[in-house]
>>> print(open('run-v9.txt').read())   # compact mmCIF, C-alpha atoms
# COMPACT_ATOMS: atom_id res chain seq x y z
CA MET Z 269 -79.11 43.27 -132.49
CA ASN Z 270 -82.78 42.90 -133.37
CA SER Z 271 -82.29 44.45 -136.76
CA ARG Z 272 -79.45 42.02 -137.47
CA ARG Z 273 -81.65 39.11 -136.44
CA ASP Z 274 -84.46 40.42 -138.68
CA PHE Z 275 -82.04 40.76 -141.56
CA LEU Z 276 -80.79 37.18 -141.15
CA LYS Z 277 -84.37 35.92 -140.91
CA LYS Z 278 -85.31 37.68 -144.15
CA LEU Z 279 -82.14 36.45 -145.85
CA THR Z 280 -82.89 32.86 -144.86
CA LEU Z 281 -86.47 33.17 -146.07
CA ALA Z 282 -85.33 34.63 -149.39
CA SER Z 283 -82.72 31.87 -149.85
CA VAL Z 284 -85.27 29.14 -149.17
CA SER Z 285 -87.73 30.75 -151.60
CA VAL Z 286 -85.14 30.97 -154.37
CA ALA Z 287 -84.03 27.37 -153.82
CA THR Z 288 -87.63 26.09 -153.83
CA PHE Z 289 -88.47 28.01 -156.98
CA SER Z 290 -85.33 26.73 -158.75
CA VAL Z 291 -86.05 23.10 -157.89
CA ALA Z 292 -89.68 23.50 -158.98
CA ALA Z 293 -88.68 25.13 -162.26
CA CYS Z 294 -86.09 22.45 -163.07
CA SER Z 295 -88.41 19.57 -162.34
CA GLN Z 296 -91.10 20.80 -164.75
CA PRO Z 297 -91.31 18.68 -167.91
CA GLN Z 298 -90.44 20.57 -171.09
CA LYS Z 299 -93.32 21.94 -173.13
CA ARG Z 300 -94.28 19.51 -175.87
CA PRO Z 301 -92.70 20.62 -179.15
CA THR Z 302 -94.45 21.06 -182.46
CA PRO Z 303 -93.60 18.46 -185.10
CA PHE Z 304 -92.06 19.84 -188.29
CA GLN Z 305 -94.24 20.88 -191.19
CA THR Z 306 -93.02 19.51 -194.48
CA GLY Z 307 -93.28 20.69 -198.05
CA GLU Z 308 -92.14 19.46 -201.42
CA GLU Z 309 -90.30 16.24 -202.06
CA VAL Z 310 -86.51 16.65 -202.15
CA THR Z 311 -83.52 14.40 -202.74
CA PRO Z 312 -82.11 12.65 -199.67
CA PRO Z 313 -78.67 13.66 -198.40
CA LEU Z 314 -75.81 12.09 -200.36
CA GLY Z 315 -74.87 9.73 -197.52
CA CYS Z 316 -78.39 8.28 -197.51
CA SER Z 317 -78.43 7.62 -201.26
CA GLU Z 318 -75.09 5.85 -201.01
CA LEU Z 319 -76.23 3.82 -198.02
CA ARG Z 320 -79.34 2.68 -199.89
CA ALA Z 321 -77.23 1.77 -202.92
CA ASN Z 322 -74.81 -0.32 -200.85
CA ASP Z 323 -77.07 -1.77 -198.17
CA ALA Z 324 -80.60 -3.00 -198.87
CA ASN Z 325 -81.35 -2.65 -195.16
CA GLY Z 326 -80.09 0.93 -195.02
CA ASP Z 327 -82.80 2.61 -192.98
CA CYS Z 328 -82.51 6.25 -193.97
CA GLU Z 329 -85.73 6.91 -195.86
CA MET J 19 -98.12 1.15 -175.95
CA ASN J 20 -99.54 4.00 -178.00
CA TRP J 21 -96.67 6.49 -178.05
CA GLU J 22 -98.82 9.09 -179.85
CA SER J 23 -100.94 9.80 -176.79
CA THR J 24 -98.52 9.55 -173.91
CA GLY J 25 -96.42 12.73 -174.04
CA SER J 26 -94.39 12.48 -170.84
CA ASP J 27 -93.89 8.70 -171.15
CA LEU J 28 -92.65 9.25 -174.67
CA GLU J 29 -90.23 11.96 -173.58
CA ALA J 30 -88.89 9.73 -170.80
CA ARG J 31 -88.39 6.81 -173.19
CA LEU J 32 -86.63 9.06 -175.72
CA ARG J 33 -84.28 10.24 -172.98
CA GLN J 34 -83.47 6.64 -172.07
CA ILE J 35 -82.68 5.73 -175.67
CA HIS J 36 -80.62 8.89 -176.21
CA ILE J 37 -78.55 8.22 -173.10
CA LYS J 38 -78.13 4.54 -173.98
CA VAL J 39 -76.74 5.26 -177.45
CA LYS J 40 -74.67 8.25 -176.32
CA ARG J 41 -73.05 6.35 -173.44
CA ASN J 42 -71.33 3.93 -175.84
CA PHE J 43 -70.84 6.33 -178.74
CA VAL J 44 -67.37 7.51 -179.73
CA PHE J 45 -67.35 10.32 -182.26
CA LYS J 46 -65.24 9.48 -185.30
CA ARG J 47 -65.25 11.83 -188.26
CA ASP J 48 -65.59 10.39 -191.79
CA ILE J 49 -62.37 10.56 -193.75
CA GLY J 50 -62.97 11.80 -197.28
CA LEU J 51 -66.51 11.16 -198.56
CA GLU J 52 -69.54 11.26 -196.29
CA GLU J 53 -70.35 7.66 -195.39
CA TRP J 54 -73.46 6.41 -193.62
CA ASN J 55 -73.38 2.97 -192.02
CA MET J 56 -76.04 0.94 -190.27
CA PRO J 57 -75.19 -0.26 -186.75
CA PRO J 58 -74.27 -3.96 -186.40
CA GLU J 59 -77.16 -6.40 -186.88
CA ASN J 60 -77.28 -7.37 -183.22
CA TYR J 61 -77.03 -3.75 -182.01
CA ASN J 62 -78.88 -3.13 -178.76
CA GLY J 63 -77.25 0.05 -177.49
CA LEU J 64 -74.65 -1.71 -175.38
CA GLN J 65 -71.97 -2.09 -178.06
CA THR J 66 -69.48 0.71 -178.62
CA LEU J 67 -70.16 2.65 -181.82
CA ARG J 68 -67.41 4.67 -183.50
CA ASP J 69 -69.05 6.95 -186.04
CA ASP J 70 -70.25 10.51 -186.65
CA CYS J 71 -73.71 12.05 -186.42
CA ASP J 72 -75.31 9.77 -189.01
CA GLY J 73 -74.12 6.62 -187.22
CA PHE J 74 -75.55 8.00 -183.99
CA CYS J 75 -78.88 8.68 -185.69
CA LEU J 76 -79.16 5.29 -187.38
CA ALA J 77 -78.43 3.62 -184.03
CA CYS J 78 -81.12 5.69 -182.28
CA ARG J 79 -83.51 4.94 -185.14
CA LEU J 80 -82.97 1.19 -184.78
CA LEU J 81 -83.72 1.27 -181.03
CA LEU J 82 -86.73 3.53 -181.58
CA ARG J 83 -88.11 1.14 -184.18
CA GLN J 84 -87.63 -1.78 -181.76
CA ASP J 85 -89.82 0.17 -179.32
CA GLY J 86 -92.42 0.92 -182.00
CA ILE J 87 -91.69 4.65 -181.92
CA SER J 88 -92.13 6.37 -185.30
CA ASN J 89 -89.23 8.65 -186.10
CA ARG J 90 -87.62 10.61 -188.90
CA LEU J 91 -84.09 11.68 -189.79
CA VAL J 92 -83.54 15.41 -190.12
CA TYR J 93 -80.75 17.02 -192.10
CA CYS J 94 -79.85 20.47 -190.83
CA GLU J 95 -77.11 23.06 -190.60
CA VAL J 96 -75.60 23.99 -187.27
CA LYS J 97 -73.98 27.35 -186.72
CA GLU J 98 -70.92 27.32 -184.51
CA ARG J 99 -68.27 30.00 -184.05
CA GLY J 100 -69.29 31.86 -187.20
CA ARG J 101 -69.41 28.88 -189.54
CA SER J 102 -72.06 26.31 -190.45
CA PHE J 103 -71.77 22.58 -190.94
CA GLY J 104 -74.16 19.88 -192.15
CA HIS J 105 -75.55 17.67 -189.42
CA LEU J 106 -78.05 14.85 -188.93
CA VAL J 107 -80.44 14.29 -186.02
CA VAL J 108 -83.48 12.11 -185.28
CA GLU J 109 -86.94 13.59 -184.70
CA VAL J 110 -89.90 12.13 -182.82
CA GLN J 111 -92.98 14.35 -182.65
CA GLY J 112 -90.75 17.44 -182.50
CA TRP J 113 -88.28 16.00 -179.98
CA ILE J 114 -84.70 15.88 -181.22
CA LEU J 115 -82.13 13.18 -180.47
CA CYS J 116 -78.70 14.59 -181.34
CA ASN J 117 -75.18 13.44 -180.49
CA LEU J 118 -74.17 17.05 -179.78
CA GLN J 119 -76.77 17.43 -177.03
CA ALA J 120 -76.57 16.10 -173.49
CA ASN J 121 -80.26 15.25 -173.54
CA VAL J 122 -83.35 15.13 -175.74
CA VAL J 123 -84.35 18.66 -176.74
CA ALA J 124 -87.44 20.22 -178.30
CA ASN J 125 -86.84 21.33 -181.90
CA ASP J 126 -87.79 24.94 -181.10
CA GLN J 127 -85.08 25.14 -178.43
CA LEU J 128 -82.19 24.49 -180.80
CA PHE J 129 -81.65 28.05 -181.97
CA ARG J 130 -78.37 27.41 -183.80
CA TYR J 131 -79.94 24.67 -185.95
CA ARG J 132 -81.40 25.46 -189.36
CA TRP J 133 -83.80 22.68 -190.32
CA LEU J 134 -83.61 21.74 -194.00
CA ARG J 135 -84.76 18.25 -195.02
CA ILE J 136 -86.59 15.40 -193.32
CA SER J 137 -86.99 11.71 -194.14
CA GLY J 138 -90.19 9.73 -194.07
CA TYR J 139 -91.21 7.45 -191.23
CA GLU J 140 -90.99 4.23 -193.19
CA PRO J 141 -88.61 2.82 -195.81
CA GLY J 142 -89.54 4.03 -199.30
CA GLU J 143 -91.07 7.31 -198.16
CA PRO J 144 -89.46 10.36 -199.74
CA TRP J 145 -87.43 13.07 -198.04
CA ARG J 146 -89.19 16.42 -197.88
CA ALA J 147 -88.24 20.04 -197.36
CA ILE J 148 -88.96 21.44 -193.92
CA ILE J 149 -91.06 24.57 -194.18
CA ALA J 150 -91.62 25.31 -190.47
>>> encode(input="run-v9.txt", output="structure tokens")
Amino acid sequence: MNSRRDFLKKLTLASVSVATFSVAACSQPQKRPTPFQTGEEVTPPLGCSELRANDANGDCE
Amino acid sequence: MNWESTGSDLEARLRQIHIKVKRNFVFKRDIGLEEWNMPPENYNGLQTLRDDCDGFCLACRLLLRQDGISNRLVYCEVKERGRSFGHLVVEVQGWILCNLQANVVANDQLFRYRWLRISGYEPGEPWRAIIA
């Protein structure tokens, strides 16, 4: 009987620990990312060129 | 507010804008040629947008500009089920706003994305190759 009680006690403790850890891990903000590094100038995608040609306010550059 | 120095505030604001645009965004594939369109002049995130990834990005960009948040458009390729397709997202200091994602994600967490070209921050600035 005692061993069963001990087992249930340990199981409860383990469950609470796992739940606490999970909540803590999920609530952490993501690590700040690194902005892209850029190289040589390239042509914009086709859709952007067409937007700029048709709409002076086309904001894709 | 200086968005350059407030990391967690910035992330929270990006999440709000992403959710706002996504909530009223209905994906509609271009028929024929790729066509980019600006959102309506009075767009504030509450109107329904029917467009594809570029429409989503231009809408996010407009709201980001209204908040004074510098951002860039990023052209990439996404790998899905053995094939790749061209895709457009918005980047703010390495955070990515993408219509395919449920939330804002760091660029280094999008493993199926191959980053290719990036716009400038302001009109008139050239697009550049992404090297890392």
>>> closest_residue(input="run-v9.txt", among="Z:Arg272, Z:Ala282, Z:Lys277, Z:Asp327", to="chain J", atoms="all atoms listed in the file")
Z:Asp327
>>> atom_distance(input="run-v9.txt", atom1="atom CA of J:Ser137", atom2="atom CA of J:Lys40")
21.9 Å
>>> interface_residues(input="run-v9.txt", of="chain Z", to="chain J", cutoff="12 Å", atoms="all atoms listed in the file", output="ChimeraX atom specification")
/Z:296-329
>>> closest_residue(input="run-v9.txt", among="J:Pro58, J:Val108, J:Gln119, J:Ile35", to="J:Gln84", atoms="all atoms listed in the file")
J:Ile35
>>> atom_distance(input="run-v9.txt", atom1="atom CA of J:Ile49", atom2="atom CA of J:Gly73")
14.0 Å
>>> residues_around(input="run-v9.txt", residues="J:Val39", least_positions_apart="3", cutoff="9 Å", atoms="all atoms listed in the file", output="list in words")
Gln34, Ile35, His36, Asn42, Phe43, Asn62, Gly63, Leu64, Gln65, Thr66, Leu67, Phe74, Ala77, Cys78, Leu81 and Asn117 of chain J
>>> atom_distance(input="run-v9.txt", atom1="atom CA of J:Arg83", atom2="atom CA of J:Asn121")
19.3 Å
>>> closest_residue(input="run-v9.txt", among="J:Cys71, J:Val44, J:Val122, J:Val96", to="J:Leu28", atoms="only C-alpha atoms")
J:Val122
